[in-house]
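Beneath this line is the structure, given in structure tokens, with notes to follow.
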Amino acid sequence: MVVLNRIYTRKGDDGTTSLVTGERLPKSHLRIDAYGTVDETNAVVGMARLFTGEAPDLDAMLARIQNDLFDLGADLATPPDAQLKWEPLRIVAAQVARLEAEIDLLNADLEPLKSFVLPGGSAASAHLHLARTVSRRAERIMVALTEIEEGAISREAVAYVNRLSDFFFVAARWVNDRGRADVLWVPGAHR
């Protein structure tokens with residue numbers, strides 16, 4: 001159970017923050033950047049949800065994703081070799097599989113693309129495209145961390161965030177009148 005009765009502690013005033021283990025890292029560390037960017041993704045999803053009320057099934061998917069993003073943040077804040085008195089929260093293959101199933105469900109309503117899609121069309125779509133780009137940044141940071149610290153992040157966590165950006169892309173198209181309101185890229189249109 002999480003209990004937050006005091007929001008500021010002043011411990012981070014020296015430019016460090018603590019992991020689940022209590023170990024302190026500089027706030028510039030890739031691990032901190034990774035879960036900070038996951039948190040940023042979650043905030044963008046919250047913004048997108050302001051515009052998905054007329055699509056309750058999609059909104060429910062996004063609500064589950066927001067919860068998963070907290071799971072992912074907890075996973076990233078807990079090093080793989082953490083010695084804890086409890087089972088650490090980790091992203092599992094079932095979460096990746098659920099995203100894949102939801103991508104397939106939404107994608108079944110869409111016509112195949114014949115051009116790249118520009119972010120926009122509707123407020124919900126624009127926000128979902130923003131979530132896509134922020135989640136891609138989180139993925140790049142996570143991958144960079146695995147390149148300097150072998151095994152720093154589980155394969156499931158990387159797969160989840162990779163699939164997540166795919167979900168946001170498909171959801172952005174789906175919420176744009178099943179792709180009919182997509183804004184398509186026209187190469188060289190304004191030369």
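Ordered as shown in the structure tokens, chains take letters A, B, and onward, while each chain numbers its residues from 1 and ligands are numbered from 1 in the order shown.
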Next on the checklist: Neighbouring residues of Phe167 of chain A were defined as those with any atom within 7 Å, considering only C-alpha atoms; residues of the same chain fewer than 4 positions away were excluded. Please report them as a list in words.
Outcome noted: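 Counting only C-alpha atoms, the residues come to Leu99, Ile103, Arg163 and Ala171 of chain A.
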Counting only C-alpha atoms, which residues of segment 40-82 of chain A sit at most 7 Å from some atom of segment 131-144 of chain A, and what is each one's closest atom pair with its distance in Å to one decimal, listed by chain and rising residue number, as a tab-separated table?
residue	atom	partner	partner_atom	distance
A:Thr41	CA	A:Ala131	CA	5.5
A:Val44	CA	A:Ala131	CA	5.5
A:Val45	CA	A:Ala131	CA	6.1
Output all heavy atoms for every residue in the selection just made, as a PDB file, in the first residue's frame.
ATOM      1  N   THR A  41       4.390   9.976 -20.380  1.00  0.00           N
ATOM      2  CA  THR A  41       3.463   9.279 -21.277  1.00  0.00           C
ATOM      3  C   THR A  41       2.099   9.143 -20.614  1.00  0.00           C
ATOM      4  O   THR A  41       1.057   9.397 -21.233  1.00  0.00           O
ATOM      5  CB  THR A  41       4.010   7.885 -21.648  1.00  0.00           C
ATOM      6  OG1 THR A  41       5.299   8.015 -22.242  1.00  0.00           O
ATOM      7  CG2 THR A  41       3.078   7.156 -22.598  1.00  0.00           C
ATOM      8  N   VAL A  44       0.131  12.314 -20.729  1.00  0.00           N
ATOM      9  CA  VAL A  44      -0.425  12.573 -22.060  1.00  0.00           C
ATOM     10  C   VAL A  44      -1.644  11.685 -22.297  1.00  0.00           C
ATOM     11  O   VAL A  44      -2.640  12.133 -22.876  1.00  0.00           O
ATOM     12  CB  VAL A  44       0.641  12.388 -23.159  1.00  0.00           C
ATOM     13  CG1 VAL A  44       0.032  12.564 -24.540  1.00  0.00           C
ATOM     14  CG2 VAL A  44       1.792  13.371 -22.968  1.00  0.00           C
ATOM     15  N   VAL A  45      -1.596  10.446 -21.834  1.00  0.00           N
ATOM     16  CA  VAL A  45      -2.768   9.570 -21.957  1.00  0.00           C
ATOM     17  C   VAL A  45      -3.945  10.181 -21.196  1.00  0.00           C
ATOM     18  O   VAL A  45      -5.089  10.172 -21.674  1.00  0.00           O
ATOM     19  CB  VAL A  45      -2.460   8.141 -21.463  1.00  0.00           C
ATOM     20  CG1 VAL A  45      -3.720   7.289 -21.460  1.00  0.00           C
ATOM     21  CG2 VAL A  45      -1.383   7.491 -22.329  1.00  0.00           C
TER      22      VAL A  45
END
One residue among A:Pro56, A:Gly36, A:Gly46, A:Pro79 is nearest to Val20 of chain A when using only C-alpha atoms, and that residue is A:Pro79
Of A:Arg155, A:His190, A:His127, A:His29, the one sitting nearest Asn176 of chain A when using only C-alpha atoms is A:His127
What's the separation between atom CA of Ala60 of chain A and atom CA of Glu102 of chain A, in Å to one decimal place?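 The value is 11.0 Å.
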So that I can check the surroundings of Gln83 of chain A, please list as a PDB file with N, CA and C atoms, in the first residue's frame every protein, DNA and RNA residue that reaches within 12 Å of it, counting only C-alpha atoms and ignoring chain neighbours fewer than 5 positions away.
ATOM      1  N   VAL A  20      13.335   2.053  -5.568  1.00  0.00           N
ATOM      2  CA  VAL A  20      12.541   1.263  -4.630  1.00  0.00           C
ATOM      3  C   VAL A  20      13.426   0.664  -3.534  1.00  0.00           C
ATOM      4  N   THR A  21      14.661   0.355  -3.883  1.00  0.00           N
ATOM      5  CA  THR A  21      15.600  -0.260  -2.938  1.00  0.00           C
ATOM      6  C   THR A  21      16.153   0.725  -1.914  1.00  0.00           C
ATOM      7  N   GLY A  22      15.935   2.016  -2.143  1.00  0.00           N
ATOM      8  CA  GLY A  22      16.516   3.037  -1.285  1.00  0.00           C
ATOM      9  C   GLY A  22      17.814   3.598  -1.844  1.00  0.00           C
ATOM     10  N   GLU A  23      18.391   2.899  -2.825  1.00  0.00           N
ATOM     11  CA  GLU A  23      19.607   3.399  -3.479  1.00  0.00           C
ATOM     12  C   GLU A  23      19.294   4.738  -4.133  1.00  0.00           C
ATOM     13  N   THR A  78      12.884  -0.325  -9.888  1.00  0.00           N
ATOM     14  CA  THR A  78      13.383  -1.450  -9.114  1.00  0.00           C
ATOM     15  C   THR A  78      14.436  -2.191  -9.934  1.00  0.00           C
ATOM     16  N   PRO A  88       8.928  -7.890  -6.353  1.00  0.00           N
ATOM     17  CA  PRO A  88       8.844  -6.599  -7.044  1.00  0.00           C
ATOM     18  C   PRO A  88       7.804  -6.635  -8.162  1.00  0.00           C
TER      19      PRO A  88
END
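The nearest approach to Asp81 of chain A among the residues A:Asp166, A:Thr16, A:Ser154, A:Leu4, with only C-alpha atoms taken into account, belongs to A:Ser154.
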For Val175 of chain A, the closest of A:Ile91, A:Val161, A:Leu106, A:Val117 counting only C-alpha atoms is A:Leu106
Alpha helix (DSSP H) per DSSP on the backbone: members of segment 48-181 of chain A, as a ChimeraX atom specification: /A:48-49,56-76,93-107,123-148,155-175
Put those residues in a file: C-alpha atoms, as a PDB file, in the first residue's frame.
ATOM      1  CA  ALA A  48      -6.164  12.110 -24.478  1.00  0.00           C
ATOM      2  CA  ARG A  49      -8.833  10.599 -22.247  1.00  0.00           C
ATOM      3  CA  PRO A  56     -16.062   4.028 -23.868  1.00  0.00           C
ATOM      4  CA  ASP A  57     -14.256   0.876 -25.028  1.00  0.00           C
ATOM      5  CA  LEU A  58     -11.189   2.872 -26.071  1.00  0.00           C
ATOM      6  CA  ASP A  59     -11.350   4.909 -22.877  1.00  0.00           C
ATOM      7  CA  ALA A  60     -11.373   1.673 -20.830  1.00  0.00           C
ATOM      8  CA  MET A  61      -8.301   0.464 -22.752  1.00  0.00           C
ATOM      9  CA  LEU A  62      -6.546   3.759 -22.001  1.00  0.00           C
ATOM     10  CA  ALA A  63      -7.478   3.504 -18.316  1.00  0.00           C
ATOM     11  CA  ARG A  64      -5.859   0.039 -18.184  1.00  0.00           C
ATOM     12  CA  ILE A  65      -2.794   1.422 -19.948  1.00  0.00           C
ATOM     13  CA  GLN A  66      -2.494   4.220 -17.399  1.00  0.00           C
ATOM     14  CA  ASN A  67      -2.450   1.627 -14.633  1.00  0.00           C
ATOM     15  CA  ASP A  68       0.099  -0.459 -16.569  1.00  0.00           C
ATOM     16  CA  LEU A  69       2.284   2.622 -16.936  1.00  0.00           C
ATOM     17  CA  PHE A  70       2.454   2.891 -13.149  1.00  0.00           C
ATOM     18  CA  ASP A  71       3.421  -0.804 -13.102  1.00  0.00           C
ATOM     19  CA  LEU A  72       6.116  -0.052 -15.678  1.00  0.00           C
ATOM     20  CA  GLY A  73       7.382   2.885 -13.612  1.00  0.00           C
ATOM     21  CA  ALA A  74       7.605   0.640 -10.547  1.00  0.00           C
ATOM     22  CA  ASP A  75       9.424  -1.974 -12.634  1.00  0.00           C
ATOM     23  CA  LEU A  76      11.935   0.603 -13.874  1.00  0.00           C
ATOM     24  CA  ALA A  93       4.037 -11.122 -20.915  1.00  0.00           C
ATOM     25  CA  ALA A  94       0.243 -11.070 -20.364  1.00  0.00           C
ATOM     26  CA  GLN A  95       0.300  -7.263 -20.378  1.00  0.00           C
ATOM     27  CA  VAL A  96       2.097  -7.278 -23.726  1.00  0.00           C
ATOM     28  CA  ALA A  97      -0.347  -9.857 -25.095  1.00  0.00           C
ATOM     29  CA  ARG A  98      -3.331  -7.758 -23.982  1.00  0.00           C
ATOM     30  CA  LEU A  99      -1.937  -4.738 -25.838  1.00  0.00           C
ATOM     31  CA  GLU A 100      -1.465  -6.851 -28.960  1.00  0.00           C
ATOM     32  CA  ALA A 101      -5.059  -8.104 -28.753  1.00  0.00           C
ATOM     33  CA  GLU A 102      -6.360  -4.553 -28.347  1.00  0.00           C
ATOM     34  CA  ILE A 103      -4.237  -3.320 -31.271  1.00  0.00           C
ATOM     35  CA  ASP A 104      -5.679  -6.110 -33.421  1.00  0.00           C
ATOM     36  CA  LEU A 105      -9.238  -5.304 -32.276  1.00  0.00           C
ATOM     37  CA  LEU A 106      -8.931  -1.605 -33.160  1.00  0.00           C
ATOM     38  CA  ASN A 107      -6.951  -2.233 -36.345  1.00  0.00           C
ATOM     39  CA  ALA A 123      -8.243  16.316 -30.368  1.00  0.00           C
ATOM     40  CA  ALA A 124      -8.234  12.712 -29.168  1.00  0.00           C
ATOM     41  CA  SER A 125      -6.147  11.598 -32.137  1.00  0.00           C
ATOM     42  CA  ALA A 126      -3.637  14.432 -31.734  1.00  0.00           C
ATOM     43  CA  HIS A 127      -3.170  13.584 -28.056  1.00  0.00           C
ATOM     44  CA  LEU A 128      -2.787   9.888 -28.833  1.00  0.00           C
ATOM     45  CA  HIS A 129      -0.107  10.730 -31.410  1.00  0.00           C
ATOM     46  CA  LEU A 130       1.650  12.769 -28.726  1.00  0.00           C
ATOM     47  CA  ALA A 131       1.424   9.765 -26.380  1.00  0.00           C
ATOM     48  CA  ARG A 132       2.939   7.671 -29.188  1.00  0.00           C
ATOM     49  CA  THR A 133       5.930   9.957 -29.576  1.00  0.00           C
ATOM     50  CA  VAL A 134       6.545  10.272 -25.841  1.00  0.00           C
ATOM     51  CA  SER A 135       6.321   6.492 -25.395  1.00  0.00           C
ATOM     52  CA  ARG A 136       8.815   6.077 -28.254  1.00  0.00           C
ATOM     53  CA  ARG A 137      11.182   8.369 -26.357  1.00  0.00           C
ATOM     54  CA  ALA A 138      10.706   6.257 -23.226  1.00  0.00           C
ATOM     55  CA  GLU A 139      11.567   3.188 -25.293  1.00  0.00           C
ATOM     56  CA  ARG A 140      14.738   4.804 -26.672  1.00  0.00           C
ATOM     57  CA  ILE A 141      15.858   5.696 -23.150  1.00  0.00           C
ATOM     58  CA  MET A 142      15.106   2.184 -21.882  1.00  0.00           C
ATOM     59  CA  VAL A 143      17.062   0.629 -24.749  1.00  0.00           C
ATOM     60  CA  ALA A 144      19.973   3.010 -24.117  1.00  0.00           C
ATOM     61  CA  LEU A 145      20.011   1.867 -20.487  1.00  0.00           C
ATOM     62  CA  THR A 146      20.131  -1.798 -21.538  1.00  0.00           C
ATOM     63  CA  GLU A 147      23.070  -1.000 -23.808  1.00  0.00           C
ATOM     64  CA  ILE A 148      25.169   0.278 -20.902  1.00  0.00           C
ATOM     65  CA  ARG A 155      12.531  -7.951 -22.194  1.00  0.00           C
ATOM     66  CA  GLU A 156       8.846  -7.755 -21.243  1.00  0.00           C
ATOM     67  CA  ALA A 157       9.168  -4.110 -20.171  1.00  0.00           C
ATOM     68  CA  VAL A 158      10.871  -3.170 -23.451  1.00  0.00           C
ATOM     69  CA  ALA A 159       8.319  -5.180 -25.455  1.00  0.00           C
ATOM     70  CA  TYR A 160       5.457  -3.496 -23.576  1.00  0.00           C
ATOM     71  CA  VAL A 161       6.626   0.035 -24.344  1.00  0.00           C
ATOM     72  CA  ASN A 162       7.353  -0.941 -27.952  1.00  0.00           C
ATOM     73  CA  ARG A 163       3.841  -2.328 -28.366  1.00  0.00           C
ATOM     74  CA  LEU A 164       2.416   0.686 -26.539  1.00  0.00           C
ATOM     75  CA  SER A 165       3.483   3.125 -29.241  1.00  0.00           C
ATOM     76  CA  ASP A 166       1.885   0.825 -31.831  1.00  0.00           C
ATOM     77  CA  PHE A 167      -1.322   0.851 -29.774  1.00  0.00           C
ATOM     78  CA  PHE A 168      -1.336   4.653 -29.636  1.00  0.00           C
ATOM     79  CA  PHE A 169      -0.850   4.864 -33.411  1.00  0.00           C
ATOM     80  CA  VAL A 170      -3.727   2.501 -34.146  1.00  0.00           C
ATOM     81  CA  ALA A 171      -5.934   4.130 -31.491  1.00  0.00           C
ATOM     82  CA  ALA A 172      -5.211   7.585 -32.953  1.00  0.00           C
ATOM     83  CA  ARG A 173      -6.416   6.364 -36.340  1.00  0.00           C
ATOM     84  CA  TRP A 174      -9.394   4.519 -34.856  1.00  0.00           C
ATOM     85  CA  VAL A 175     -10.631   7.577 -32.959  1.00  0.00           C
TER      86      VAL A 175
END
task: Would you please extract all strand (DSSP E or B) residues from segment 21-150 of chain A, as assigned by DSSP on the backbone, and give them as a PyMOL selection string?
output: chain A and resi 24-26+117-118
